file data.txt (compact mmCIF, C-alpha atoms and all ligand atoms)
# COMPACT_ATOMS: atom_id res chain seq x y z
CA MET A 387 21.54 15.06 24.03
CA LYS A 388 22.07 15.84 20.34
CA VAL A 389 20.47 13.38 17.93
CA LEU A 390 20.87 13.02 14.17
CA LEU A 391 17.70 11.90 12.37
CA THR A 392 18.44 10.57 8.89
CA GLY A 393 15.25 10.84 6.85
CA GLY A 394 13.91 13.17 9.52
CA ALA A 395 11.61 14.97 7.07
CA GLY A 396 9.65 11.80 6.29
CA PHE A 397 6.40 10.59 7.82
CA ILE A 398 7.79 8.83 10.88
CA GLY A 399 10.94 10.98 11.04
CA SER A 400 8.97 14.23 11.27
CA HIS A 401 6.75 12.97 14.10
CA THR A 402 9.81 11.70 15.94
CA CYS A 403 11.50 15.06 15.43
CA VAL A 404 8.53 16.77 17.11
CA GLU A 405 8.64 14.32 20.01
CA PHE A 406 12.39 14.79 20.56
CA LEU A 407 12.19 18.61 20.39
CA GLU A 408 9.35 18.54 22.91
CA ARG A 409 11.60 16.56 25.25
CA GLY A 410 14.21 19.31 25.00
CA TRP A 411 16.66 17.24 22.96
CA GLU A 412 18.76 18.90 20.27
CA VAL A 413 17.88 17.62 16.82
CA VAL A 414 19.84 17.56 13.57
CA VAL A 415 17.86 16.40 10.54
CA ALA A 416 19.47 15.04 7.36
CA ASP A 417 17.15 14.43 4.41
CA ASN A 418 17.41 14.65 0.63
CA PHE A 419 13.62 15.08 0.13
CA SER A 420 13.52 11.97 -2.05
CA ASN A 421 10.12 11.17 -0.52
CA SER A 422 9.36 14.28 1.56
CA LYS A 423 8.81 18.01 1.19
CA PRO A 424 10.74 21.00 2.62
CA GLU A 425 7.48 22.42 4.04
CA VAL A 426 7.49 19.72 6.72
CA LEU A 427 10.42 21.52 8.38
CA ASN A 428 8.32 24.68 8.84
CA ARG A 429 5.44 22.65 10.21
CA ILE A 430 7.69 21.02 12.83
CA LYS A 431 8.81 24.48 13.93
CA ILE A 432 5.20 25.70 14.15
CA ILE A 433 4.13 22.71 16.29
CA THR A 434 7.08 22.81 18.68
CA GLY A 435 8.09 26.49 18.62
CA LYS A 436 11.64 25.15 18.56
CA SER A 437 14.43 25.24 16.06
CA PHE A 438 16.76 22.52 14.84
CA THR A 439 19.56 22.12 12.33
CA PHE A 440 18.80 20.83 8.87
CA TYR A 441 21.16 19.37 6.25
CA GLU A 442 19.92 18.61 2.75
CA ALA A 443 21.99 15.48 2.45
CA ASP A 444 21.96 12.02 0.92
CA VAL A 445 23.19 9.62 3.59
CA THR A 446 24.63 7.23 1.02
CA GLN A 447 27.25 9.97 0.47
CA ARG A 448 30.11 9.59 2.91
CA SER A 449 31.25 13.22 2.47
CA ALA A 450 27.78 14.47 3.47
CA LEU A 451 27.88 12.43 6.68
CA ASP A 452 31.46 13.47 7.47
CA LYS A 453 30.42 17.11 7.19
CA ILE A 454 27.54 16.60 9.64
CA PHE A 455 29.57 14.60 12.17
CA THR A 456 32.41 17.14 11.97
CA GLU A 457 30.19 20.18 12.42
CA GLN A 458 27.87 18.70 15.06
CA LYS A 459 28.68 16.82 18.25
CA ILE A 460 26.23 13.97 17.68
CA ASP A 461 25.47 11.64 20.61
CA ALA A 462 23.11 9.28 18.81
CA VAL A 463 21.56 8.57 15.42
CA VAL A 464 18.05 7.46 14.48
CA HIS A 465 18.27 6.03 10.97
CA PHE A 466 14.97 6.44 9.08
CA ALA A 467 16.31 7.26 5.61
CA GLY A 468 15.39 4.61 3.07
CA TYR A 469 13.06 3.63 0.27
CA LYS A 470 9.92 1.97 1.60
CA ALA A 471 7.45 1.03 -1.14
CA VAL A 472 7.01 -2.73 -1.26
CA GLY A 473 5.67 -2.89 -4.85
CA GLU A 474 8.36 -0.56 -6.19
CA SER A 475 11.01 -2.70 -4.52
CA VAL A 476 9.79 -5.74 -6.47
CA ALA A 477 9.99 -3.76 -9.73
CA LYS A 478 13.33 -2.07 -8.93
CA PRO A 479 15.19 -4.38 -6.55
CA LEU A 480 18.69 -3.09 -7.33
CA MET A 481 17.65 0.47 -6.63
CA TYR A 482 16.36 -0.67 -3.22
CA TYR A 483 19.43 -2.73 -2.33
CA ARG A 484 21.79 0.03 -3.51
CA ASN A 485 20.08 2.81 -1.60
CA ASN A 486 19.00 1.08 1.60
CA LEU A 487 22.16 -0.95 2.13
CA ASP A 488 24.53 1.81 1.02
CA SER A 489 22.98 4.21 3.52
CA THR A 490 23.25 1.66 6.34
CA ILE A 491 26.90 0.80 5.64
CA THR A 492 27.96 4.39 4.96
CA LEU A 493 26.28 5.57 8.14
CA LEU A 494 27.91 2.84 10.26
CA GLU A 495 31.34 3.62 8.79
CA ALA A 496 30.94 7.34 9.43
CA MET A 497 29.73 6.65 12.98
CA GLU A 498 32.79 4.48 13.58
CA THR A 499 35.18 7.15 12.26
CA HIS A 500 33.58 9.88 14.35
CA GLY A 501 33.15 7.79 17.50
CA VAL A 502 29.33 7.86 17.56
CA LYS A 503 28.15 4.73 19.37
CA ASN A 504 24.36 4.93 19.74
CA LEU A 505 21.94 3.96 16.98
CA VAL A 506 18.21 3.37 16.65
CA PHE A 507 17.06 1.81 13.37
CA SER A 508 13.73 1.91 11.52
CA SER A 509 13.14 -1.73 10.87
CA SER A 510 9.89 -3.45 10.04
CA ALA A 511 7.70 -6.36 11.02
CA THR A 512 8.23 -7.54 7.46
CA VAL A 513 11.49 -9.16 8.69
CA TYR A 514 9.37 -11.89 10.32
CA GLY A 515 8.65 -13.18 6.81
CA GLU A 516 5.77 -15.43 5.88
CA ASN A 517 6.41 -18.49 8.02
CA ASN A 518 6.23 -17.17 11.57
CA PRO A 519 2.89 -17.37 13.38
CA SER A 520 1.41 -14.23 15.04
CA PRO A 521 1.92 -12.72 17.49
CA TYR A 522 5.43 -12.01 16.24
CA LYS A 523 8.07 -12.16 18.94
CA GLU A 524 11.54 -10.64 18.66
CA ASP A 525 13.42 -13.92 19.13
CA MET A 526 11.65 -15.73 16.28
CA PRO A 527 13.92 -16.98 13.49
CA LEU A 528 14.05 -14.60 10.53
CA SER A 529 14.59 -15.75 6.99
CA THR A 530 12.11 -15.55 4.15
CA CYS A 531 11.16 -11.96 3.36
CA THR A 532 8.53 -11.65 0.66
CA ASN A 533 10.01 -8.67 -1.20
CA PRO A 534 13.31 -6.75 -1.70
CA TYR A 535 12.23 -3.94 0.62
CA GLY A 536 11.87 -6.49 3.43
CA TRP A 537 15.24 -8.02 2.62
CA THR A 538 16.92 -4.59 2.85
CA LYS A 539 15.53 -4.27 6.38
CA LEU A 540 16.61 -7.78 7.35
CA MET A 541 20.07 -7.30 5.81
CA SER A 542 20.49 -3.90 7.49
CA GLU A 543 19.59 -5.52 10.82
CA GLN A 544 22.26 -8.16 10.24
CA ILE A 545 24.90 -5.59 9.27
CA MET A 546 24.12 -3.61 12.42
CA ARG A 547 24.19 -6.76 14.54
CA ASP A 548 27.65 -7.67 13.23
CA ALA A 549 28.91 -4.11 13.71
CA ALA A 550 27.61 -4.05 17.29
CA ASN A 551 29.11 -7.47 18.03
CA ALA A 552 32.49 -6.20 16.83
CA ASP A 553 32.45 -3.05 19.00
CA SER A 554 31.59 -3.55 22.66
CA ASN A 555 30.93 0.19 23.06
CA MET A 556 28.15 0.24 20.50
CA SER A 557 24.48 0.32 21.38
CA VAL A 558 21.84 -0.43 18.78
CA VAL A 559 18.06 -0.77 19.03
CA LEU A 560 16.31 -2.27 15.99
CA LEU A 561 12.71 -1.10 16.03
CA ARG A 562 10.38 -3.39 14.14
CA TYR A 563 7.37 -1.28 13.20
CA PHE A 564 3.98 -2.77 12.55
CA ASN A 565 1.58 -0.53 10.55
CA PRO A 566 2.21 3.14 11.41
CA ILE A 567 -0.73 5.40 10.56
CA GLY A 568 -2.55 8.52 11.78
CA ALA A 569 -1.01 11.96 12.01
CA HIS A 570 -0.06 14.58 14.56
CA PRO A 571 -3.23 15.79 16.36
CA SER A 572 -2.52 19.37 15.17
CA GLY A 573 -3.21 18.20 11.60
CA LEU A 574 -0.02 20.01 10.55
CA ILE A 575 2.12 16.97 9.73
CA GLY A 576 1.13 13.58 8.36
CA GLU A 577 1.76 11.04 5.63
CA ASP A 578 2.04 12.54 2.15
CA PRO A 579 2.45 9.71 -0.35
CA GLU A 580 3.32 10.50 -3.97
CA GLY A 581 0.49 9.70 -6.39
CA ILE A 582 -2.07 7.02 -5.58
CA PRO A 583 -1.39 5.54 -2.14
CA ASN A 584 -0.51 1.86 -1.80
CA ASN A 585 -1.32 1.58 1.88
CA LEU A 586 -4.77 1.20 3.35
CA PHE A 587 -5.06 4.26 5.58
CA PRO A 588 -3.89 6.96 3.16
CA TYR A 589 -6.16 5.37 0.56
CA VAL A 590 -9.18 5.47 2.90
CA ALA A 591 -8.47 9.12 3.72
CA LYS A 592 -8.29 10.05 0.03
CA VAL A 593 -11.58 8.24 -0.70
CA ALA A 594 -13.29 9.95 2.24
CA GLY A 595 -11.91 13.28 1.02
CA GLY A 596 -13.32 12.71 -2.48
CA LYS A 597 -9.87 12.53 -4.09
CA LEU A 598 -10.37 8.89 -5.10
CA PRO A 599 -13.74 7.33 -5.97
CA LYS A 600 -13.70 4.03 -4.06
CA LEU A 601 -11.54 1.87 -1.86
CA GLY A 602 -10.76 -1.63 -3.10
CA ILE A 603 -10.71 -4.11 -0.23
CA PHE A 604 -8.18 -6.72 -1.23
CA GLY A 605 -9.90 -10.00 -0.35
CA ASP A 606 -12.80 -10.89 1.95
CA ASP A 607 -12.16 -14.63 2.09
CA TYR A 608 -9.14 -14.75 4.40
CA PRO A 609 -9.32 -17.01 7.47
CA THR A 610 -10.00 -14.00 9.72
CA GLU A 611 -13.11 -13.03 11.68
CA ASP A 612 -14.73 -11.00 8.86
CA GLY A 613 -12.62 -12.40 5.99
CA THR A 614 -10.57 -9.22 5.43
CA GLY A 615 -6.85 -8.85 6.22
CA VAL A 616 -5.76 -8.12 9.78
CA ARG A 617 -2.86 -5.81 10.76
CA ASP A 618 -1.48 -4.23 13.91
CA TYR A 619 -2.01 -0.49 13.33
CA ILE A 620 -0.03 1.92 15.48
CA HIS A 621 -0.56 5.68 15.81
CA VAL A 622 2.51 7.52 14.51
CA VAL A 623 2.63 9.65 17.68
CA ASP A 624 2.87 6.49 19.80
CA LEU A 625 5.55 5.29 17.41
CA ALA A 626 7.50 8.55 17.85
CA LYS A 627 7.35 8.09 21.62
CA GLY A 628 8.66 4.55 21.10
CA HIS A 629 11.73 6.06 19.42
CA ALA A 630 12.32 8.33 22.40
CA ALA A 631 12.10 5.34 24.74
CA ALA A 632 14.46 3.35 22.50
CA LEU A 633 16.96 6.18 22.40
CA GLU A 634 16.93 6.56 26.17
CA TYR A 635 17.58 2.84 26.42
CA ALA A 636 20.36 2.94 23.79
CA VAL A 637 22.36 5.71 25.48
CA SER A 638 22.31 3.92 28.83
CA HIS A 639 23.12 0.36 27.63
CA LYS A 640 25.54 -1.45 25.33
CA GLY A 641 24.84 -4.19 22.80
CA ILE A 642 21.99 -4.76 20.39
CA GLU A 643 18.27 -5.38 20.90
CA ALA A 644 15.39 -5.86 18.48
CA VAL A 645 12.07 -4.51 19.75
CA ASN A 646 8.58 -4.62 18.23
CA LEU A 647 6.65 -1.37 18.13
CA GLY A 648 3.05 -2.45 17.80
CA SER A 649 -0.12 -2.54 19.87
CA GLY A 650 -0.30 -6.31 20.14
CA LYS A 651 -3.80 -6.17 18.69
CA GLY A 652 -5.02 -6.76 15.14
CA HIS A 653 -7.73 -4.85 13.28
CA SER A 654 -9.32 -5.98 10.02
CA VAL A 655 -9.61 -3.85 6.88
CA MET A 656 -13.39 -3.83 7.36
CA GLU A 657 -12.99 -2.66 10.94
CA VAL A 658 -10.72 0.18 9.76
CA VAL A 659 -13.28 1.26 7.15
CA THR A 660 -16.27 1.19 9.51
CA THR A 661 -14.34 2.88 12.33
CA PHE A 662 -13.13 5.64 10.02
CA SER A 663 -16.69 6.23 8.78
CA ARG A 664 -18.17 6.25 12.27
CA VAL A 665 -15.56 8.44 13.99
CA ASN A 666 -15.48 11.03 11.23
CA ASN A 667 -19.11 10.73 10.18
CA ILE A 668 -18.19 10.34 6.54
CA PRO A 669 -18.91 7.53 4.07
CA VAL A 670 -16.04 5.43 2.67
CA PRO A 671 -17.38 3.67 -0.44
CA TYR A 672 -15.64 0.38 -1.22
CA ASP A 673 -15.65 -2.64 -3.51
CA ILE A 674 -14.41 -6.09 -2.66
CA LYS A 675 -11.47 -6.89 -4.93
CA PRO A 676 -9.31 -10.00 -5.34
CA ARG A 677 -6.53 -10.60 -2.83
CA ARG A 678 -3.35 -8.56 -3.40
CA ALA A 679 -0.34 -10.70 -4.34
CA GLY A 680 2.06 -11.24 -1.46
CA ASP A 681 -0.36 -10.18 1.32
CA LEU A 682 -0.47 -12.23 4.51
CA PRO A 683 -3.93 -12.88 6.00
CA SER A 684 -3.11 -11.57 9.44
CA TYR A 685 -0.22 -10.45 11.60
CA TYR A 686 0.30 -8.52 14.80
CA ALA A 687 2.94 -7.95 17.44
CA ASN A 688 3.76 -9.46 20.74
CA ALA A 689 4.31 -6.07 22.42
CA GLU A 690 5.70 -7.33 25.75
CA LYS A 691 9.41 -6.66 25.15
CA ALA A 692 8.83 -2.95 24.46
CA LYS A 693 6.95 -2.77 27.76
CA THR A 694 9.58 -4.49 29.87
CA LEU A 695 12.74 -3.22 28.16
CA LEU A 696 11.72 0.29 27.08
CA ASN A 697 8.82 0.97 29.45
CA TRP A 698 6.74 1.89 26.40
CA GLU A 699 3.33 0.83 25.17
CA VAL A 700 0.72 2.30 22.87
CA GLU A 701 -1.70 4.83 24.36
CA LEU A 702 -3.79 5.75 21.32
CA THR A 703 -6.63 3.75 19.76
CA LEU A 704 -7.89 3.01 16.26
CA GLU A 705 -10.43 5.81 16.82
CA ASP A 706 -7.59 8.27 17.53
CA MET A 707 -5.79 7.12 14.37
CA CYS A 708 -8.94 7.64 12.27
CA ARG A 709 -9.70 11.06 13.77
CA ASP A 710 -6.15 12.39 13.39
CA MET A 711 -5.78 10.98 9.89
CA TRP A 712 -8.95 12.76 8.82
CA LYS A 713 -7.86 16.06 10.37
CA TRP A 714 -4.57 15.87 8.42
CA GLN A 715 -6.47 14.99 5.22
CA THR A 716 -9.05 17.79 5.55
CA GLN A 717 -6.45 20.43 6.45
CA ASN A 718 -4.07 19.28 3.68
CA PRO A 719 -6.22 17.73 0.93
CA ASP A 720 -3.29 17.71 -1.51
CA GLY A 721 -0.54 17.04 1.01
CA TYR A 722 2.12 19.60 1.89
N1 LIG B 1 -5.55 -3.05 1.75
C1 LIG B 1 -6.74 -2.98 1.06
N2 LIG B 1 -6.89 -2.00 0.12
C2 LIG B 1 -5.92 -1.08 -0.17
C3 LIG B 1 -4.70 -1.15 0.55
C4 LIG B 1 -4.55 -2.15 1.50
O1 LIG B 1 -7.65 -3.77 1.28
O2 LIG B 1 -6.12 -0.23 -1.06
C5 LIG B 1 -5.38 -4.08 2.79
C6 LIG B 1 -4.21 -5.02 2.58
O3 LIG B 1 -4.61 -6.11 1.76
C7 LIG B 1 -3.85 -5.41 4.00
C8 LIG B 1 -4.18 -4.17 4.81
O4 LIG B 1 -5.09 -3.41 4.00
O5 LIG B 1 -4.70 -6.45 4.46
C9 LIG B 1 -2.96 -3.30 5.12
O6 LIG B 1 -2.29 -3.02 3.93
P1 LIG B 1 -1.14 -1.94 3.85
O7 LIG B 1 -0.65 -1.90 2.43
O8 LIG B 1 -1.59 -0.66 4.44
O9 LIG B 1 -0.01 -2.53 4.82
P2 LIG B 1 0.81 -3.92 4.75
O10 LIG B 1 0.22 -4.79 3.70
O11 LIG B 1 2.19 -3.49 4.44
O12 LIG B 1 0.68 -4.50 6.11

call {"tool": "encode", "arguments": {"input": "data.txt", "output": "structure tokens"}}
result
Amino acid sequence: MKVLLTGGAGFIGSHTCVEFLERGWEVVVADNFSNSKPEVLNRIKIITGKSFTFYEADVTQRSALDKIFTEQKIDAVVHFAGYKAVGESVAKPLMYYRNNLDSTITLLEAMETHGVKNLVFSSSATVYGENNPSPYKEDMPLSTCTNPYGWTKLMSEQIMRDAANADSNMSVVLLRYFNPIGAHPSGLIGEDPEGIPNNLFPYVAKVAGGKLPKLGIFGDDYPTEDGTGVRDYIHVVDLAKGHAAALEYAVSHKGIEAVNLGSGKGHSVMEVVTTFSRVNNIPVPYDIKPRRAGDLPSYYANAEKAKTLLNWEVELTLEDMCRDMWKWQTQNPDGY
């Protein structure tokens, strides 16, 4: 099987690339390094000892996709490429809609022209919006996203759903990620955010590594067990395996399915901080700060559909996430 990974040099794309190569699948990566570094490609080769084809390409450009589909006999696509910073999407909504929707539509058009029928999409639990109760289940109604980034995911899902409904040979799996964190256990690849991280785990790792003075915990008065926000964290290696399971499903079925990739279990910010400190034997100084605008108190997945449909479930724990995150941070204190 030959698989095109758009955005395959990114955090989740690179871990998925490793997983696919280790399964003996042929991989073609397309990435324009808008939020990734060329060095990641070398690291993937070091981990797997395998080679793959790389195109420096912007997937909003139809000519770039035509070139790839003409030169490579692609069986399936995993579409990761997209902007993903929630705060930035609020400040620059048009940039987010232009990039994330253009890439989705251009990719679907190119797939149609070149007869490629199998697609797995990087969606997000953010599509459940603010009105659904946890645990989130795939058949819940979707409507009110809280930011433009979320809307681009919801709109991309809808575009893919309509495209799949119009072509009975298409197969699409929409993967709704919860909070992907951790790093490959080799410490060679991991998340490398530009500047000061927005997300909890990269921030904790930078504080532990002395790159930032203190973590701000955004709110300790939520209606949760310890008052801090609760999320469903998932190890990025488990997530990569979820993509392999989704792809296997896609190539042997027709139609469209949305599937949560989460553990089904929530952890609080305080639990993350204390677990990180304990597992890695390193202090993580913090201050309690006001709540962050737009944050939900708590959400986590119902992970049953992934189990029954894809035969996939998480294997790694919060301890594993903390240990692997710290290994990545200590081996690469300034990223790639
Ligand atoms: N969070 C925090 N301090 C930070 C970053 C995040 O307390 O510097 C909290 C945030 O309020 C939320 C949780 O950590 O409860 C996860 O936030 P993240 O941004 O990683 O993911 P998301 O909000 O997208 O689920």

call {"tool": "residues_near_ligand", "arguments": {"input": "data.txt", "ligand": "ligand LIG 1 (chain B)", "cutoff": "9 Å", "atoms": "only C-alpha atoms and all ligand atoms", "output": "JSON, numbers by chain"}}
result
{"A": [471, 472, 511, 512, 564, 565, 566, 567, 583, 584, 585, 586, 587, 588, 589, 590, 601, 602, 603, 604, 605, 606, 614, 615, 616, 617, 618, 619, 654, 655, 656, 658, 674, 675, 677, 678, 679, 680, 681, 682, 683, 684, 685]}

call {"tool": "residues_near_point", "arguments": {"input": "data.txt", "point": "(10.5, 0.2, 0.2)", "cutoff": "8 Å", "atoms": "only C-alpha atoms", "output": "MDAnalysis selection string"}}
result
chainID A and resid 468:475 482 534:536

call {"tool": "closest_residue", "arguments": {"input": "data.txt", "among": "A:Thr490, A:Thr392, A:Asn428, A:Asn504", "to": "Val637 in chain A", "atoms": "only C-alpha atoms"}}
result
A:Asn504

call {"tool": "residues_around", "arguments": {"input": "data.txt", "residues": "Ala692 in chain A", "least_positions_apart": "2", "cutoff": "9 Å", "atoms": "all atoms listed in the file", "output": "list of chain:residue names"}}
result
A:Gly628, A:Ala631, A:Ala632, A:Val645, A:Asn646, A:Leu647, A:Gly648, A:Ala689, A:Glu690, A:Thr694, A:Leu695, A:Leu696, A:Asn697, A:Trp698, A:Glu699

call {"tool": "write_last_selection", "arguments": {"input": "data.txt", "atoms": "C-alpha atoms", "output": "PDB file, in the frame of the given file"}}
result
ATOM      1  CA  GLY A 628       8.660   4.550  21.100  1.00  0.00           C
ATOM      2  CA  ALA A 631      12.100   5.340  24.740  1.00  0.00           C
ATOM      3  CA  ALA A 632      14.460   3.350  22.500  1.00  0.00           C
ATOM      4  CA  VAL A 645      12.070  -4.510  19.750  1.00  0.00           C
ATOM      5  CA  ASN A 646       8.580  -4.620  18.230  1.00  0.00           C
ATOM      6  CA  LEU A 647       6.650  -1.370  18.130  1.00  0.00           C
ATOM      7  CA  GLY A 648       3.050  -2.450  17.800  1.00  0.00           C
ATOM      8  CA  ALA A 689       4.310  -6.070  22.420  1.00  0.00           C
ATOM      9  CA  GLU A 690       5.700  -7.330  25.750  1.00  0.00           C
ATOM     10  CA  THR A 694       9.580  -4.490  29.870  1.00  0.00           C
ATOM     11  CA  LEU A 695      12.740  -3.220  28.160  1.00  0.00           C
ATOM     12  CA  LEU A 696      11.720   0.290  27.080  1.00  0.00           C
ATOM     13  CA  ASN A 697       8.820   0.970  29.450  1.00  0.00           C
ATOM     14  CA  TRP A 698       6.740   1.890  26.400  1.00  0.00           C
ATOM     15  CA  GLU A 699       3.330   0.830  25.170  1.00  0.00           C
TER      16      GLU A 699
END

call {"tool": "closest_residue", "arguments": {"input": "data.txt", "among": "A:Lys592, A:Met546, A:Leu528, A:Gly501", "to": "Tyr514 in chain A", "atoms": "all atoms listed in the file"}}
result
A:Leu528

call {"tool": "closest_residue", "arguments": {"input": "data.txt", "among": "A:Pro424, A:Ile454, A:Lys539, A:Glu412", "to": "Ser437 in chain A", "atoms": "all atoms listed in the file"}}
result
A:Glu412

call {"tool": "atom_distance", "arguments": {"input": "data.txt", "atom1": "CA of Met387 in chain A", "atom2": "CA of Gly399 in chain A"}}
result
17.3 Å

call {"tool": "residues_around", "arguments": {"input": "data.txt", "residues": "Ile668 in chain A", "least_positions_apart": "6", "cutoff": "12 Å", "atoms": "only C-alpha atoms", "output": "PyMOL selection string"}}
result
chain A and resi 590-596+659-662+708-709+712+716

call {"tool": "write_last_selection", "arguments": {"input": "data.txt", "atoms": "C-alpha atoms", "output": "compact mmCIF listing (two decimals), keeping the file's coordinate frame"}}
result
# COMPACT_ATOMS: atom_id res chain seq x y z
CA VAL A 590 -9.18 5.47 2.90
CA ALA A 591 -8.47 9.12 3.72
CA LYS A 592 -8.29 10.05 0.03
CA VAL A 593 -11.58 8.24 -0.70
CA ALA A 594 -13.29 9.95 2.24
CA GLY A 595 -11.91 13.28 1.02
CA GLY A 596 -13.32 12.71 -2.48
CA VAL A 659 -13.28 1.26 7.15
CA THR A 660 -16.27 1.19 9.51
CA THR A 661 -14.34 2.88 12.33
CA PHE A 662 -13.13 5.64 10.02
CA CYS A 708 -8.94 7.64 12.27
CA ARG A 709 -9.70 11.06 13.77
CA TRP A 712 -8.95 12.76 8.82
CA THR A 716 -9.05 17.79 5.55

call {"tool": "residues_around", "arguments": {"input": "data.txt", "residues": "His621 in chain A", "least_positions_apart": "3", "cutoff": "8 Å", "atoms": "only C-alpha atoms", "output": "list in words"}}
result
Pro566, Ile567, Gly568, Ala569, Asp624, Leu625, Val700, Leu702, Thr703, Leu704, Asp706 and Met707 of chain A

call {"tool": "residues_around", "arguments": {"input": "data.txt", "residues": "Phe406 in chain A", "least_positions_apart": "2", "cutoff": "12 Å", "atoms": "only C-alpha atoms", "output": "PyMOL selection string"}}
result
chain A and resi 387-391+394+399-404+408-415+430+434+436-438+464+623+626-634

call {"tool": "write_last_selection", "arguments": {"input": "data.txt", "atoms": "C-alpha atoms", "output": "PDB file, in the frame of the given file"}}
result
ATOM      1  CA  MET A 387      21.540  15.060  24.030  1.00  0.00           C
ATOM      2  CA  LYS A 388      22.070  15.840  20.340  1.00  0.00           C
ATOM      3  CA  VAL A 389      20.470  13.380  17.930  1.00  0.00           C
ATOM      4  CA  LEU A 390      20.870  13.020  14.170  1.00  0.00           C
ATOM      5  CA  LEU A 391      17.700  11.900  12.370  1.00  0.00           C
ATOM      6  CA  GLY A 394      13.910  13.170   9.520  1.00  0.00           C
ATOM      7  CA  GLY A 399      10.940  10.980  11.040  1.00  0.00           C
ATOM      8  CA  SER A 400       8.970  14.230  11.270  1.00  0.00           C
ATOM      9  CA  HIS A 401       6.750  12.970  14.100  1.00  0.00           C
ATOM     10  CA  THR A 402       9.810  11.700  15.940  1.00  0.00           C
ATOM     11  CA  CYS A 403      11.500  15.060  15.430  1.00  0.00           C
ATOM     12  CA  VAL A 404       8.530  16.770  17.110  1.00  0.00           C
ATOM     13  CA  GLU A 408       9.350  18.540  22.910  1.00  0.00           C
ATOM     14  CA  ARG A 409      11.600  16.560  25.250  1.00  0.00           C
ATOM     15  CA  GLY A 410      14.210  19.310  25.000  1.00  0.00           C
ATOM     16  CA  TRP A 411      16.660  17.240  22.960  1.00  0.00           C
ATOM     17  CA  GLU A 412      18.760  18.900  20.270  1.00  0.00           C
ATOM     18  CA  VAL A 413      17.880  17.620  16.820  1.00  0.00           C
ATOM     19  CA  VAL A 414      19.840  17.560  13.570  1.00  0.00           C
ATOM     20  CA  VAL A 415      17.860  16.400  10.540  1.00  0.00           C
ATOM     21  CA  ILE A 430       7.690  21.020  12.830  1.00  0.00           C
ATOM     22  CA  THR A 434       7.080  22.810  18.680  1.00  0.00           C
ATOM     23  CA  LYS A 436      11.640  25.150  18.560  1.00  0.00           C
ATOM     24  CA  SER A 437      14.430  25.240  16.060  1.00  0.00           C
ATOM     25  CA  PHE A 438      16.760  22.520  14.840  1.00  0.00           C
ATOM     26  CA  VAL A 464      18.050   7.460  14.480  1.00  0.00           C
ATOM     27  CA  VAL A 623       2.630   9.650  17.680  1.00  0.00           C
ATOM     28  CA  ALA A 626       7.500   8.550  17.850  1.00  0.00           C
ATOM     29  CA  LYS A 627       7.350   8.090  21.620  1.00  0.00           C
ATOM     30  CA  GLY A 628       8.660   4.550  21.100  1.00  0.00           C
ATOM     31  CA  HIS A 629      11.730   6.060  19.420  1.00  0.00           C
ATOM     32  CA  ALA A 630      12.320   8.330  22.400  1.00  0.00           C
ATOM     33  CA  ALA A 631      12.100   5.340  24.740  1.00  0.00           C
ATOM     34  CA  ALA A 632      14.460   3.350  22.500  1.00  0.00           C
ATOM     35  CA  LEU A 633      16.960   6.180  22.400  1.00  0.00           C
ATOM     36  CA  GLU A 634      16.930   6.560  26.170  1.00  0.00           C
TER      37      GLU A 634
END

call {"tool": "closest_residue", "arguments": {"input": "data.txt", "among": "A:Lys597, A:Lys523, A:Arg547, A:His500", "to": "Ala687 in chain A", "atoms": "all atoms listed in the file"}}
result
A:Lys523

call {"tool": "closest_residue", "arguments": {"input": "data.txt", "among": "A:Leu427, A:Met497, A:Val506, A:Ile582", "to": "Tyr441 in chain A", "atoms": "all atoms listed in the file"}}
result
A:Leu427

call {"tool": "residues_around", "arguments": {"input": "data.txt", "residues": "Leu560 in chain A", "least_positions_apart": "5", "cutoff": "8 Å", "atoms": "all atoms listed in the file", "output": "number ranges by chain"}}
result
A: 506-509, 543, 642-645

call {"tool": "write_last_selection", "arguments": {"input": "data.txt", "atoms": "C-alpha atoms", "output": "short mmCIF file (atom, residue, chain, number, x, y, z; two decimals), in the frame of the given file"}}
result
data_model
loop_
_atom_site.label_atom_id
_atom_site.label_comp_id
_atom_site.auth_asym_id
_atom_site.auth_seq_id
_atom_site.Cartn_x
_atom_site.Cartn_y
_atom_site.Cartn_z
CA VAL A 506 18.21 3.37 16.65
CA PHE A 507 17.06 1.81 13.37
CA SER A 508 13.73 1.91 11.52
CA SER A 509 13.14 -1.73 10.87
CA GLU A 543 19.59 -5.52 10.82
CA ILE A 642 21.99 -4.76 20.39
CA GLU A 643 18.27 -5.38 20.90
CA ALA A 644 15.39 -5.86 18.48
CA VAL A 645 12.07 -4.51 19.75
#

call {"tool": "atom_distance", "arguments": {"input": "data.txt", "atom1": "CA of Leu561 in chain A", "atom2": "CA of Lys713 in chain A"}}
result
27.4 Å

call {"tool": "closest_residue", "arguments": {"input": "data.txt", "among": "A:Ser489, A:Gln715, A:Gln458, A:Asn421", "to": "Val445 in chain A", "atoms": "all atoms listed in the file"}}
result
A:Ser489

call {"tool": "residues_near_point", "arguments": {"input": "data.txt", "point": "(29.2, 13.1, 8.0)", "cutoff": "10 Å", "atoms": "all atoms listed in the file", "output": "MDAnalysis selection string"}}
result
chainID A and resid 416 443 445 447:458 492:493 495:497 499:500

call {"tool": "atom_distance", "arguments": {"input": "data.txt", "atom1": "CA of Gly721 in chain A", "atom2": "CA of Asp578 in chain A"}}
result
5.3 Å

call {"tool": "axis_aligned_box", "arguments": {"input": "data.txt", "around": "range 500-516 of chain A", "padding_each_side": "6 Å", "output": "AutoDock Vina command-line options"}}
result
--center_x 19.7 --center_y -2.8 --center_z 12.8 --size_x 39.8 --size_y 37.3 --size_z 25.9

call {"tool": "decode", "arguments": {"input": "data.txt", "residues": "range 640-644 of chain A", "atoms": "C-alpha atoms", "output": "mmCIF file, in the first residue's frame"}}
result
data_model
loop_
_atom_site.group_PDB
_atom_site.id
_atom_site.type_symbol
_atom_site.label_atom_id
_atom_site.label_comp_id
_atom_site.auth_asym_id
_atom_site.auth_seq_id
_atom_site.Cartn_x
_atom_site.Cartn_y
_atom_site.Cartn_z
ATOM 1 C CA LYS A 640 -16.822 2.218 1.502
ATOM 2 C CA GLY A 641 -18.632 5.247 2.915
ATOM 3 C CA ILE A 642 -17.753 7.661 5.690
ATOM 4 C CA GLU A 643 -17.247 7.202 9.427
ATOM 5 C CA ALA A 644 -16.285 9.602 12.205
#
